[in-house]
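Shown below: coords_27.csv, with CSV, C-alpha atoms.
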```
chain,number,residue,atom,x,y,z
A,8,MET,CA,15.0,-32.0,8.9
A,9,ALA,CA,13.0,-28.8,9.2
A,10,SER,CA,14.2,-25.6,10.8
A,11,PRO,CA,12.4,-22.2,10.6
A,12,SER,CA,14.3,-19.0,10.9
A,13,GLU,CA,13.3,-17.1,14.0
A,14,HIS,CA,15.4,-14.0,13.4
A,15,ALA,CA,13.9,-10.7,14.5
A,16,HIS,CA,13.3,-8.5,11.6
A,17,ALA,CA,15.5,-5.6,12.6
A,18,HIS,CA,15.9,-3.8,9.3
A,19,ALA,CA,15.4,0.0,9.4
A,20,HIS,CA,13.1,0.4,6.4
A,21,GLY,CA,12.2,3.9,7.3
A,22,PRO,CA,10.8,5.9,10.2
A,23,GLY,CA,9.5,4.0,13.1
A,24,ALA,CA,5.8,3.2,13.7
A,25,GLY,CA,5.5,5.9,16.3
A,26,SER,CA,6.7,8.5,13.9
A,27,ASP,CA,4.4,7.2,11.2
A,28,ARG,CA,1.4,7.4,13.6
A,29,ARG,CA,2.3,11.0,14.5
A,30,HIS,CA,2.5,12.0,10.8
A,31,LEU,CA,-0.9,10.3,10.1
A,32,LEU,CA,-2.6,12.1,13.1
A,33,ILE,CA,-1.4,15.5,11.9
A,34,ALA,CA,-2.6,14.9,8.4
A,35,LEU,CA,-5.9,13.6,9.7
A,36,ALA,CA,-6.5,16.7,11.8
A,37,LEU,CA,-5.7,19.0,8.9
A,38,LEU,CA,-8.0,17.3,6.5
A,39,ALA,CA,-10.9,16.8,8.8
A,40,ALA,CA,-11.1,20.5,9.7
A,41,PHE,CA,-10.9,21.6,6.1
A,42,MET,CA,-13.4,19.0,4.9
A,43,LEU,CA,-16.1,20.5,7.1
A,44,ALA,CA,-15.5,24.0,5.8
A,45,GLU,CA,-15.5,22.7,2.2
A,46,VAL,CA,-18.8,20.9,2.5
A,47,ILE,CA,-20.5,24.1,3.8
A,48,THR,CA,-19.0,26.2,0.9
A,49,ALA,CA,-19.9,23.6,-1.7
A,50,ILE,CA,-23.5,23.6,-0.7
A,51,LEU,CA,-23.7,27.4,-0.6
A,52,SER,CA,-21.9,27.8,-4.0
A,53,GLY,CA,-23.5,24.9,-5.8
A,54,SER,CA,-20.2,23.5,-6.9
A,55,LEU,CA,-19.9,19.8,-7.8
A,56,ALA,CA,-16.2,20.1,-8.1
A,57,LEU,CA,-16.0,21.3,-4.5
A,58,LEU,CA,-18.5,18.7,-3.3
A,59,SER,CA,-16.6,16.0,-5.1
A,60,ASP,CA,-13.3,17.2,-3.5
A,61,ALA,CA,-15.1,17.1,-0.1
A,62,GLY,CA,-16.3,13.6,-0.8
A,63,HIS,CA,-12.8,12.5,-1.8
A,64,MET,CA,-11.5,14.3,1.3
A,65,LEU,CA,-14.0,12.3,3.4
A,66,SER,CA,-12.4,9.2,1.9
A,67,ASP,CA,-9.0,10.6,2.8
A,68,VAL,CA,-10.1,11.1,6.4
A,69,GLY,CA,-11.5,7.5,6.4
A,70,ALA,CA,-8.3,6.2,4.8
A,71,ILE,CA,-6.0,7.8,7.3
A,72,GLY,CA,-8.3,6.7,10.2
A,73,GLY,CA,-8.2,3.2,8.8
A,74,ALA,CA,-4.5,3.3,8.4
A,75,LEU,CA,-4.1,4.3,12.0
A,76,TRP,CA,-6.3,1.5,13.1
A,77,ALA,CA,-4.5,-1.1,10.9
A,78,MET,CA,-1.2,0.2,12.3
A,79,ALA,CA,-2.4,-0.4,15.9
A,80,LEU,CA,-3.5,-4.0,14.9
A,81,ALA,CA,-0.2,-4.7,13.2
A,82,ARG,CA,1.6,-4.0,16.5
A,83,ARG,CA,-0.2,-6.9,18.2
A,84,PRO,CA,2.3,-9.8,18.9
A,85,PRO,CA,1.7,-13.3,17.5
A,86,SER,CA,-0.5,-15.5,19.6
A,87,GLY,CA,-2.5,-18.7,19.2
A,88,LYS,CA,-3.7,-19.1,15.6
A,89,TRP,CA,-2.4,-15.7,14.6
A,90,THR,CA,1.1,-16.8,14.0
A,91,TYR,CA,2.2,-13.6,12.3
A,92,GLY,CA,0.0,-11.4,14.6
A,93,TRP,CA,-2.1,-8.9,12.7
A,94,LYS,CA,0.6,-7.6,10.5
A,95,ARG,CA,-1.4,-8.1,7.3
A,96,ALA,CA,-4.1,-5.7,8.6
A,97,GLU,CA,-2.0,-2.9,7.0
A,98,ILE,CA,-2.4,-4.6,3.6
A,99,LEU,CA,-6.1,-4.9,4.0
A,100,SER,CA,-6.2,-1.2,4.9
A,101,ALA,CA,-4.3,-0.4,1.7
A,102,ALA,CA,-6.8,-2.5,-0.4
A,103,ALA,CA,-9.7,-0.8,1.3
A,104,ASN,CA,-8.2,2.6,0.4
A,105,GLY,CA,-8.1,1.5,-3.2
A,106,ILE,CA,-11.7,0.3,-3.1
A,107,THR,CA,-13.0,3.5,-1.5
A,108,LEU,CA,-11.2,5.5,-4.2
A,109,LEU,CA,-13.1,3.5,-6.9
A,110,VAL,CA,-16.5,3.9,-5.1
A,111,VAL,CA,-16.1,7.7,-4.7
A,112,ALA,CA,-14.9,7.9,-8.3
A,113,GLY,CA,-18.0,6.1,-9.5
A,114,ILE,CA,-20.3,8.4,-7.6
A,115,ILE,CA,-18.6,11.6,-8.9
A,116,THR,CA,-18.6,10.3,-12.5
A,117,ALA,CA,-22.4,9.8,-12.5
A,118,GLU,CA,-23.0,13.2,-11.1
A,119,ALA,CA,-20.5,14.9,-13.4
A,120,ILE,CA,-22.1,13.4,-16.5
A,121,SER,CA,-25.5,14.6,-15.3
A,122,ARG,CA,-24.1,18.1,-14.9
A,123,LEU,CA,-22.4,18.1,-18.3
A,124,ILE,CA,-25.8,17.5,-19.8
A,125,HIS,CA,-27.7,19.9,-17.6
A,126,PRO,CA,-25.1,22.4,-16.1
A,127,PRO,CA,-26.4,24.2,-13.0
A,128,THR,CA,-25.4,27.7,-11.9
A,129,VAL,CA,-22.0,27.7,-10.1
A,130,ASP,CA,-20.6,30.7,-8.2
A,131,GLY,CA,-16.9,30.6,-9.3
A,132,GLY,CA,-15.6,33.0,-6.6
A,133,PRO,CA,-16.1,30.8,-3.6
A,134,VAL,CA,-14.9,27.8,-5.6
A,135,ILE,CA,-11.6,29.5,-6.3
A,136,ALA,CA,-11.1,30.7,-2.7
A,137,VAL,CA,-11.9,27.3,-1.1
A,138,ALA,CA,-10.0,25.3,-3.7
A,139,ALA,CA,-6.9,27.5,-3.3
A,140,ALA,CA,-7.1,26.9,0.5
A,141,GLY,CA,-7.5,23.2,-0.2
A,142,VAL,CA,-4.3,23.2,-2.3
A,143,VAL,CA,-2.4,24.7,0.8
A,144,VAL,CA,-3.9,22.2,3.2
A,145,ASN,CA,-3.3,19.2,0.9
A,146,VAL,CA,0.3,20.3,0.1
A,147,THR,CA,0.9,20.5,3.9
A,148,ALA,CA,-0.7,17.1,4.5
A,149,ALA,CA,1.2,15.5,1.6
A,150,TRP,CA,4.4,16.9,2.9
A,151,VAL,CA,3.7,15.5,6.4
A,152,LEU,CA,2.9,12.0,5.0
A,153,ALA,CA,5.9,12.0,2.7
A,154,ARG,CA,8.0,12.1,5.8
A,155,ALA,CA,6.5,8.8,7.0
A,156,ASN,CA,7.6,5.4,5.9
A,157,ARG,CA,6.0,5.1,2.4
A,158,SER,CA,7.5,1.7,1.8
A,159,SER,CA,4.5,0.6,3.9
A,160,LEU,CA,1.5,0.1,1.6
A,161,ASN,CA,-0.7,1.3,4.5
A,162,VAL,CA,1.0,4.7,4.6
A,163,GLU,CA,1.3,4.8,0.8
A,164,GLY,CA,-2.4,4.3,0.5
A,165,ALA,CA,-3.2,7.3,2.7
A,166,PHE,CA,-0.5,9.4,0.9
A,167,ARG,CA,-2.1,8.6,-2.5
A,168,HIS,CA,-5.5,9.6,-1.3
A,169,VAL,CA,-4.1,13.0,-0.2
A,170,LEU,CA,-2.1,13.4,-3.4
A,171,THR,CA,-5.1,12.9,-5.7
A,172,ASP,CA,-7.0,15.3,-3.6
A,173,LEU,CA,-4.3,17.9,-4.1
A,174,TYR,CA,-4.5,17.4,-7.9
A,175,GLY,CA,-8.3,17.7,-7.7
A,176,PHE,CA,-8.0,21.1,-5.9
A,177,ILE,CA,-5.7,22.4,-8.5
A,178,GLY,CA,-8.2,21.4,-11.2
A,179,THR,CA,-11.0,23.0,-9.2
A,180,VAL,CA,-9.0,26.3,-9.0
A,181,ILE,CA,-8.6,26.2,-12.8
A,182,ALA,CA,-12.3,25.4,-13.2
A,183,GLY,CA,-13.3,28.3,-11.0
A,184,ILE,CA,-11.2,30.7,-12.9
A,185,ILE,CA,-12.8,29.5,-16.2
A,186,ILE,CA,-16.3,30.0,-14.7
A,187,VAL,CA,-15.5,33.5,-13.5
A,188,THR,CA,-13.9,34.7,-16.7
A,189,THR,CA,-16.0,32.9,-19.3
A,190,GLY,CA,-19.2,31.7,-17.6
A,191,PHE,CA,-18.5,28.2,-18.9
A,192,THR,CA,-20.1,26.3,-15.9
A,193,ARG,CA,-19.4,22.9,-17.4
A,194,ALA,CA,-15.8,23.4,-16.5
A,195,ASP,CA,-16.8,22.4,-12.9
A,196,ALA,CA,-18.0,19.0,-14.1
A,197,ILE,CA,-15.0,18.5,-16.4
A,198,ALA,CA,-12.6,19.3,-13.4
A,199,SER,CA,-14.5,16.6,-11.5
A,200,LEU,CA,-13.9,14.0,-14.2
A,201,VAL,CA,-10.2,14.9,-14.1
A,202,VAL,CA,-10.2,14.1,-10.4
A,203,VAL,CA,-12.0,10.8,-11.2
A,204,ALA,CA,-9.2,9.8,-13.6
A,205,LEU,CA,-6.6,10.5,-10.9
A,206,MET,CA,-8.6,8.5,-8.4
A,207,GLY,CA,-8.7,5.6,-10.8
A,208,GLN,CA,-5.0,5.6,-11.3
A,209,ALA,CA,-4.3,5.7,-7.6
A,210,ALA,CA,-6.8,3.0,-6.9
A,211,TRP,CA,-5.3,0.7,-9.5
A,212,GLY,CA,-1.8,1.1,-8.0
A,213,LEU,CA,-3.1,0.3,-4.5
A,214,LEU,CA,-5.2,-2.7,-5.5
A,215,ARG,CA,-2.4,-4.1,-7.7
A,216,ASP,CA,0.2,-3.9,-4.9
A,217,SER,CA,-2.1,-5.1,-2.1
A,218,GLY,CA,-3.5,-7.9,-4.3
A,219,ARG,CA,0.0,-9.2,-4.9
A,220,VAL,CA,0.5,-9.5,-1.1
A,221,LEU,CA,-3.0,-11.0,-0.4
A,222,LEU,CA,-2.6,-13.6,-3.2
A,223,GLU,CA,0.9,-14.4,-1.9
A,224,ALA,CA,2.8,-13.6,-5.1
A,225,ALA,CA,6.6,-13.5,-4.8
A,226,PRO,CA,7.9,-10.0,-3.9
A,227,GLU,CA,8.0,-7.9,-7.1
A,228,ASP,CA,11.8,-7.2,-6.7
A,229,MET,CA,12.7,-10.9,-6.1
A,230,ASP,CA,13.9,-13.2,-8.9
A,231,LEU,CA,13.1,-16.7,-7.8
A,232,GLU,CA,15.5,-18.2,-10.4
A,233,LYS,CA,18.3,-16.2,-8.9
A,234,VAL,CA,17.3,-17.3,-5.4
A,235,ARG,CA,17.3,-20.9,-6.6
A,236,ALA,CA,20.7,-20.4,-8.2
A,237,HIS,CA,22.2,-18.9,-5.0
A,238,LEU,CA,20.9,-21.6,-2.8
A,239,SER,CA,22.0,-24.3,-5.2
A,240,GLY,CA,25.5,-22.8,-5.2
A,241,VAL,CA,26.0,-23.4,-1.5
A,242,PRO,CA,28.5,-26.3,-1.0
A,243,HIS,CA,26.9,-29.7,-0.4
A,244,VAL,CA,23.5,-28.6,-1.9
A,245,LEU,CA,22.4,-31.0,-4.6
A,246,GLY,CA,19.1,-29.3,-5.5
A,247,VAL,CA,16.3,-27.0,-4.5
A,248,HIS,CA,12.5,-27.6,-5.0
A,249,ASP,CA,9.2,-26.5,-3.6
A,250,LEU,CA,10.6,-22.9,-3.5
A,251,HIS,CA,7.9,-20.4,-2.3
A,252,ALA,CA,8.3,-16.7,-1.5
A,253,TRP,CA,5.6,-14.3,-0.3
A,254,THR,CA,5.2,-11.0,1.6
A,255,VAL,CA,3.6,-11.1,5.0
A,256,THR,CA,3.3,-7.3,5.0
A,257,SER,CA,5.2,-4.3,3.6
A,258,GLY,CA,8.9,-4.9,4.2
A,259,LEU,CA,8.5,-8.4,5.6
A,260,PRO,CA,9.2,-11.0,2.9
A,261,ALA,CA,9.3,-14.7,3.7
A,262,LEU,CA,10.5,-17.8,2.0
A,263,SER,CA,10.4,-21.6,2.3
A,264,ALA,CA,12.1,-24.3,0.3
A,265,HIS,CA,13.1,-28.0,0.3
A,266,ILE,CA,16.9,-28.4,0.0
A,267,VAL,CA,18.4,-31.7,-1.2
A,268,ILE,CA,21.8,-32.1,0.4
A,269,GLU,CA,24.6,-34.8,0.4
A,270,ASP,CA,23.8,-37.8,2.6
A,271,PRO,CA,27.0,-37.4,4.7
A,272,CYS,CA,25.8,-34.1,6.0
A,273,PHE,CA,23.2,-35.9,8.1
A,274,HIS,CA,25.8,-38.0,9.7
A,275,ASP,CA,28.9,-35.8,10.3
A,276,GLY,CA,27.0,-33.0,12.0
A,277,HIS,CA,27.3,-30.6,9.0
A,278,ALA,CA,23.6,-30.1,8.5
A,279,PRO,CA,23.2,-27.3,11.2
A,280,ARG,CA,26.1,-25.4,9.7
A,281,LEU,CA,24.7,-25.8,6.3
A,282,LEU,CA,21.4,-24.4,7.5
A,283,ASP,CA,23.2,-21.3,8.8
A,284,GLN,CA,24.8,-20.9,5.4
A,285,LEU,CA,21.5,-21.1,3.6
A,286,GLN,CA,19.9,-18.5,5.8
A,287,ALA,CA,22.9,-16.2,5.6
A,288,CYS,CA,22.8,-16.5,1.8
A,289,LEU,CA,19.1,-15.3,1.8
A,290,ALA,CA,19.7,-12.5,4.3
A,291,GLY,CA,22.8,-11.2,2.6
A,292,HIS,CA,21.7,-11.4,-1.1
A,293,PHE,CA,18.0,-11.0,-1.0
A,294,ASP,CA,17.2,-9.3,2.3
A,295,VAL,CA,15.0,-12.2,3.5
A,296,GLU,CA,15.4,-13.0,7.2
A,297,HIS,CA,12.2,-15.1,7.7
A,298,SER,CA,12.9,-18.4,6.0
A,299,THR,CA,12.0,-22.1,6.5
A,300,PHE,CA,14.1,-24.9,5.0
A,301,GLN,CA,13.5,-28.6,4.9
A,302,LEU,CA,16.8,-30.4,4.4
A,303,GLU,CA,16.4,-33.7,2.6
A,304,ALA,CA,18.5,-36.6,1.4
A,305,ALA,CA,18.4,-37.2,-2.3
A,306,ALA,CA,16.4,-40.5,-1.9
A,307,HIS,CA,13.6,-38.5,-0.2
A,308,ALA,CA,12.3,-37.0,-3.5
A,309,GLY,CA,11.3,-40.4,-4.8
A,310,HIS,CA,8.4,-40.7,-2.3
A,311,GLU,CA,7.5,-37.0,-1.8
A,312,PRO,CA,4.3,-36.1,-3.8
A,313,GLY,CA,3.8,-32.8,-5.5
A,314,THR,CA,7.4,-31.6,-5.8
A,315,HIS,CA,8.1,-28.7,-8.1
```
Please go through the file and, once you have read it, give me the structure as structure tokens.
Amino acid sequence: MASPSEHAHAHAHGPGAGSDRRHLLIALALLAAFMLAEVITAILSGSLALLSDAGHMLSDVGAIGGALWAMALARRPPSGKWTYGWKRAEILSAAANGITLLVVAGIITAEAISRLIHPPTVDGGPVIAVAAAGVVVNVTAAWVLARANRSSLNVEGAFRHVLTDLYGFIGTVIAGIIIVTTGFTRADAIASLVVVALMGQAAWGLLRDSGRVLLEAAPEDMDLEKVRAHLSGVPHVLGVHDLHAWTVTSGLPALSAHIVIEDPCFHDGHAPRLLDQLQACLAGHFDVEHSTFQLEAAAHAGHEPGTH
């Protein structure tokens, strides 16, 4: 006897999608405007650190634009073969953000190494001025995005882009001061490599978390043995097998299991009530409202292949 849970996922996991979209749009406008000014200044001053920050900021703009697009796709209702709608588009966006961070980091690394070997002339004054303005812009953008729902990997991906850019600007300010006071122009390339390290760290976090969702691993905060024990503890349940848990998108876990119950439950009308108990157990203890249970008699396991 199979019965899927059709409960609406009504949890308030943070600000609503409309609020998130507004925060992303504000951050996008701030970063896009500043990026144009930074590219011009980087070319005029000859600063790789500024140019690398501009390149990273371009990836920020793309990341936020992608996040907005994914958010729009995720709002589409289920239809036809798309039984969950396009909700996982937000996870793909987060993975793409991680990949773009790695690509930009690779490009900056190659150029930084070249400039460490053959340091060009860098005008430290404009570098300090633009990077200081960048700190202000990125602090503002990070503050705006921090107010959105960061439990969403999609929003978190955009936030991490902006945060690593902020750290990069701080490093660029320090590099500019060193260049002005000591003439050590390699500080520019060294600051770029610091940015690369931060990009790598942010990229790893995004790819790890989005990879868990895409490979359908159980939610990180869910102990399946505890789930099995809770379900097995419901009266009239004899056993639990083929237990699977995964995440559709951020904040939307799902679970399925085969539940072996006492034979009389199929004859005395108790099975539907038992199904309600099982679903209430999951929702109450593990915050899972999307579940599918197959209720089985004990004899069924003897001819069911591949049980585990």
Coordinates-based distance that separates atom CA of Pro226 of chain A from atom CA of His265 of chain A (Å, one decimal): 19.2 Å
Distance of atom CA of Ile135 of chain A from atom CA of Phe166 of chain A, expressed in Å to one decimal place: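 Computed distance, atom CA of Phe166 of chain A to atom CA of Ile135 of chain A, equals 24.1 Å.
A straight line drawn from atom CA of Asp172 of chain A to atom CA of Asp130 of chain A is 21.1 Å long.
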Using only C-alpha atoms: which of A:Leu245, A:Val68, A:Leu281, A:Val255 has the shortest distance to Leu32 of chain A: A:Val68
Rank A:Ile33, A:Met42, A:Ala252, A:Val244 by their smallest atom-to-atom distance to Glu223 of chain A, using all atoms listed in the file, and report the top residue only. A:Ala252
Looking at A:Trp89, A:Trp211, A:Phe300, A:Phe293, which one is nearest to Gly105 of chain A, with distances taken over all atoms listed in the file? A:Trp211
